[in-house]
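Everything below concerns the one structure shown next.
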Amino acid sequence: MLDRKYIVANASAVKANCENRNVPHEVDQLLELETQRRDMLRQVEELNRQANAVSKTIGQAKDEQEREERKANGRDLRAQKDAAQTQHDELDLKIRELELRLPNMAHPEAPIGEDDKSNLELGRGKHAPREFDFPPQDHVEIAKQWDWIDFEGGARTSGAGFYFLKGDLVLLDLAIQQYAVSELVRRGFIPMTTPDLAQDSILEGIGFMPRGPETQVYSIENSNLSLIGTAEITLGGLYSGETFDAETLPLKLCGISHCFRTEAGAAGRASKGLYRVHQFTKIEMFVFCLPDQSDALHQELKQIECDLFDAIEVPFRVVDTATGDLGGPAYRKYDLEAWMPGRGEAGEWGEVTSTSNCTDYQARRLNVRYKQKETKGTHFVHTLNGTAFALSRALISVLENHQNRDGSVNVPEALQPYLSGRKQIGG
RNA sequence: GGAGGAGUGGCAGAGUGGUUGAAUGCGGCGGUCUUGAAAACCGUUGAGCGUGCGAGCGUUCCGGGGGUUCGAAUCCCUCCUCCUCCGCCA
């Protein structure tokens, strides 16, 4: 959510931003309603002031008759105030609905473009895509050879898009998680396991739309809870309504959670094997910080993602997301796309991580503030998030890039300590 | 699941219908004293919104929502959270 005063003062920039992002807007209507609301607010406060003044004189009334007259006067003023208040609240609600649909402003250097075709490649990882001297298999084939993934069992118990991991692949999965968590802890992140469900109000604050026709998340019937699509939701909601002391920021959190996605409308999109599933585990980075820290922290999160994928020796490229492809809350977003040799005809890049600077957009919706010593008042913090590893896709990248001719898979050195020192699985 | 109790400012803790945004203490900040520090003493110390160049003024907020009343931290209803005891359970 944008600051209402900012929208009023910068209406043309807000409109231009919506157009760059391919989001329809009703800024003009919002401005009109806001003008009305302010008038109404002034009326409400004036009536309230008068009513309060009358109330204070009632105790000092000189006789019963004067007392009753003043009471009647007070009643009348309160009634007028209530009527004005109701009008004000209706206007406020309409404005808020419009505001909630406005996306965050975009970073001035973010590439402008309609969709992901305008995304800008910023660089590559340390490892170039491998030249195979044998036809590489995709992860589904590799896993099948060693009975590492049971898709049929997943479908039987839970439906299409669910799966069981088995055997050594589970150990690899855990090794990646442990490696990521220890690396993040080393870099000052506090490890946290989070609830896998959150209240809808928190989802909305983060920028998800639970229960809409295009919802990405599963909701629990007869409750206001939804399964989280990412730990960003719970970590971001963790301090909703709270005020940080400025010295305690930046606060870096590392969330370990399951992620649930309906993937509604994703049918037909590249979705083989583990690539697009309804549930996966994710190690997520989340940061609360001061406004002047968020740009640098965004670079830091991007760098951590690069370091992690370099460490597991997976080739990747970094992409600066175009305005039209940014989610609503993001001011700027970088994606890492890993090389997946088994994808498409002869390998393709596939998104494996994403890091966003959401500036104060989520903080305003969730009411997360900071307070600086010596200065009056509070301000909204900035929030950032980034994927360390989404395990489903990380596993694809490791299996496909480190496969051998016989289907065995080399364990990247960085992961070996977390896999009993083993250098290979399968075979 | 059953029975009780409690939710007030950064914290602790008064306040049960009318200048109470809220006593008091602690903490924080400023000052006096001191070579310096401590102690002591004095002063100061919540946030949101509106309005004004500004000092300020107005308004809202005592877990959330609703109600009674001219007026609610204070009375009523409801929800949430926490604590204690009992039961059940990984």
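Starting from 1 in every chain, residues are counted up; chains themselves are A, B, ... following the order of the structure tokens, and ligands are numbered from 1 as listed.
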Need to verify the contact set: Leu290 (chain A), 9 Å, only C-alpha atoms (C1' of nucleotides), exclusion of same-chain residues closer than 4 positions in sequence. Can you return it as a PDB file with C-alpha atoms, in the first residue's frame?
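around_23.pdb was written with the following content:
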ATOM      1  CA  ALA A 246      15.736   1.767  15.235  1.00  0.00           C
ATOM      2  CA  LEU A 249      17.403  -2.940  12.745  1.00  0.00           C
ATOM      3  CA  PRO A 250      18.180  -4.443  10.362  1.00  0.00           C
ATOM      4  CA  SER A 294      16.951  -1.453   2.028  1.00  0.00           C
ATOM      5  CA  TYR A 370      10.297   1.904  13.899  1.00  0.00           C
ATOM      6  CA  PHE A 380       7.247   2.454   8.599  1.00  0.00           C
ATOM      7  CA  VAL A 381      10.111  -0.012   8.230  1.00  0.00           C
ATOM      8  CA  HIS A 382      11.174  -1.493   4.933  1.00  0.00           C
ATOM      9  CA  THR A 383      10.843  -5.205   4.289  1.00  0.00           C
TER      10      THR A 383
END
Fewer than 2 positions away in the same chain doesn't count, so skip those; otherwise give me all residues within 9 Å of region 118-124 of chain A, counting only C-alpha atoms (C1' of nucleotides), as a list in words.
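Once the adjacent positions are removed, what remains is Ala110, Pro111, Ile112, Gly113, Glu114, Asp115, Asp116, Lys126, His127, Ala128, Cys306, Pro315, Phe316, Arg317, Val318, Val319, Asp320, Thr321, Ala322, Thr323, Gly324 and Asp325 of chain A.
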Do a neighbour search on region 19-26 of chain B at 12 Å with only C-alpha atoms (C1' of nucleotides), toss out local chain neighbours closer than 3 positions, and write the hits as a list in words.
Asn52, Ala53, Ser55, Lys56, Thr57, Gly59 and Gln60 of chain A; U8, G9, G10, C11, A12, G13, A14, G15, G46, A47, U60, C61, C62, A72, A73 and U74 of chain B
Taking only C-alpha atoms (C1' of nucleotides) into account, which residues of chain A are within 9 Å of chain B, as a VMD selection string?
chain A and resid 38 41 to 42 44 to 46 48 to 49 51 to 52 54 to 56 58 to 59 68 70 to 75 78 374 377 to 378
Write out, as an mmCIF file, in the first residue's frame, the residues just selected, with C-alpha atoms.
data_model
loop_
_atom_site.group_PDB
_atom_site.id
_atom_site.type_symbol
_atom_site.label_atom_id
_atom_site.label_comp_id
_atom_site.auth_asym_id
_atom_site.auth_seq_id
_atom_site.Cartn_x
_atom_site.Cartn_y
_atom_site.Cartn_z
ATOM 1 C CA ARG A 38 -11.184 15.074 4.348
ATOM 2 C CA LEU A 41 -13.398 14.323 8.683
ATOM 3 C CA ARG A 42 -13.239 18.004 9.509
ATOM 4 C CA VAL A 44 -16.835 15.015 12.281
ATOM 5 C CA GLU A 45 -14.113 16.501 14.430
ATOM 6 C CA GLU A 46 -15.842 19.834 14.721
ATOM 7 C CA ASN A 48 -17.305 16.042 18.221
ATOM 8 C CA ARG A 49 -15.495 19.015 19.663
ATOM 9 C CA ALA A 51 -20.391 17.771 21.785
ATOM 10 C CA ASN A 52 -17.437 17.303 24.135
ATOM 11 C CA VAL A 54 -21.309 20.579 25.944
ATOM 12 C CA SER A 55 -20.730 17.407 27.948
ATOM 13 C CA LYS A 56 -18.199 19.155 30.119
ATOM 14 C CA ILE A 58 -23.399 19.406 32.188
ATOM 15 C CA GLY A 59 -21.771 18.696 35.524
ATOM 16 C CA GLU A 68 -31.778 18.701 30.645
ATOM 17 C CA ARG A 70 -27.717 20.748 27.720
ATOM 18 C CA LYS A 71 -28.209 17.010 27.583
ATOM 19 C CA ALA A 72 -30.612 17.415 24.700
ATOM 20 C CA ASN A 73 -28.147 19.660 22.939
ATOM 21 C CA GLY A 74 -25.406 17.070 23.442
ATOM 22 C CA ARG A 75 -27.609 14.280 22.158
ATOM 23 C CA ARG A 78 -23.718 13.384 18.869
ATOM 24 C CA GLU A 374 15.643 11.435 20.305
ATOM 25 C CA GLY A 377 6.988 9.867 16.081
ATOM 26 C CA THR A 378 7.370 6.595 14.247
#
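In this structure, CA of Gln50 (chain A) sits 7.3 Å away from CA of Leu77 (chain A).
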Could you tell me how far CA of Leu2 (chain A) lies from CA of Val287 (chain A), in Å and to one decimal?
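About the pair CA of Leu2 (chain A) and CA of Val287 (chain A): they are 19.5 Å apart.
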Taking only C-alpha atoms into account, name the residue in A:His298, A:Arg422, A:Arg37, A:Lys62 that is nearest to Ala330 (chain A).
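Smallest separation from Ala330 (chain A) among the options: A:His298.
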Residues within 8 Å of region 224-234 of chain A, please, as a VMD selection string. Count only C-alpha atoms (C1' of nucleotides); anything in the same chain fewer than 6 positions from it doesn't count.
chain A and resid 194 to 200 202 to 203 206 210 216 to 218 255 to 261 282 284 to 286 385
Which parts of region 161-330 of chain A does DSSP call helix (DSSP H, G or I) when run on the backbone here, written out as a ChimeraX atom specification?
/A:168-186,200-206,231-237,246-248,291-311,323-325
If DSSP is run on the backbone, what residues of region 139-212 of chain A are strand (DSSP E)? A reply as a PyMOL selection string would be ideal.
chain A and resi 149-150+164-165+190-193+197-199
Just give me the gap between CA of Glu99 (chain A) and CA of Arg365 (chain A) in Å, one decimal is fine.
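Interatomic distance, CA of Glu99 (chain A) to CA of Arg365 (chain A): 10.2 Å.
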Rank nothing, just name the residue among B:G7, B:G67, B:G27, B:G36 nearest to C82 (chain B), using only C-alpha atoms (C1' of nucleotides).
B:G7
Might you pull out every residue within 12 Å of region 156-161 of chain A, with only C-alpha atoms (C1' of nucleotides) counted and same-chain residues fewer than 5 positions away left off, and present them as a PDB file with C-alpha atoms, in the first residue's frame?
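File around-v3.pdb, as written:
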ATOM      1  CA  ASP A 150       6.975 -41.265  -5.630  1.00  0.00           C
ATOM      2  CA  PHE A 151       4.662 -39.088  -7.709  1.00  0.00           C
ATOM      3  CA  PHE A 260       1.597 -24.494  -0.359  1.00  0.00           C
ATOM      4  CA  ARG A 261       0.434 -23.230  -3.731  1.00  0.00           C
ATOM      5  CA  THR A 262      -2.747 -23.981  -5.592  1.00  0.00           C
ATOM      6  CA  GLU A 263      -1.098 -23.078  -8.909  1.00  0.00           C
ATOM      7  CA  ALA A 264      -4.534 -22.168 -10.178  1.00  0.00           C
ATOM      8  CA  ALA A 266      -0.902 -22.758 -14.189  1.00  0.00           C
ATOM      9  CA  ALA A 267      -2.130 -25.837 -16.026  1.00  0.00           C
ATOM     10  CA  SER A 271       5.480 -28.285 -14.882  1.00  0.00           C
ATOM     11  CA  LYS A 272       7.292 -31.562 -15.204  1.00  0.00           C
ATOM     12  CA  GLY A 273       8.239 -33.385 -12.040  1.00  0.00           C
ATOM     13  CA  LEU A 274       9.134 -31.211  -9.097  1.00  0.00           C
ATOM     14  CA  TYR A 275       9.110 -27.941 -11.018  1.00  0.00           C
ATOM     15  CA  ARG A 276       5.570 -26.847 -10.221  1.00  0.00           C
ATOM     16  CA  VAL A 277       4.127 -28.630  -7.216  1.00  0.00           C
ATOM     17  CA  HIS A 278       1.509 -27.883  -4.581  1.00  0.00           C
ATOM     18  CA  GLN A 279       3.860 -28.272  -1.648  1.00  0.00           C
ATOM     19  CA  PHE A 280       7.553 -27.762  -1.130  1.00  0.00           C
ATOM     20  CA  SER A 392      11.907 -28.686  -5.006  1.00  0.00           C
TER      21      SER A 392
END
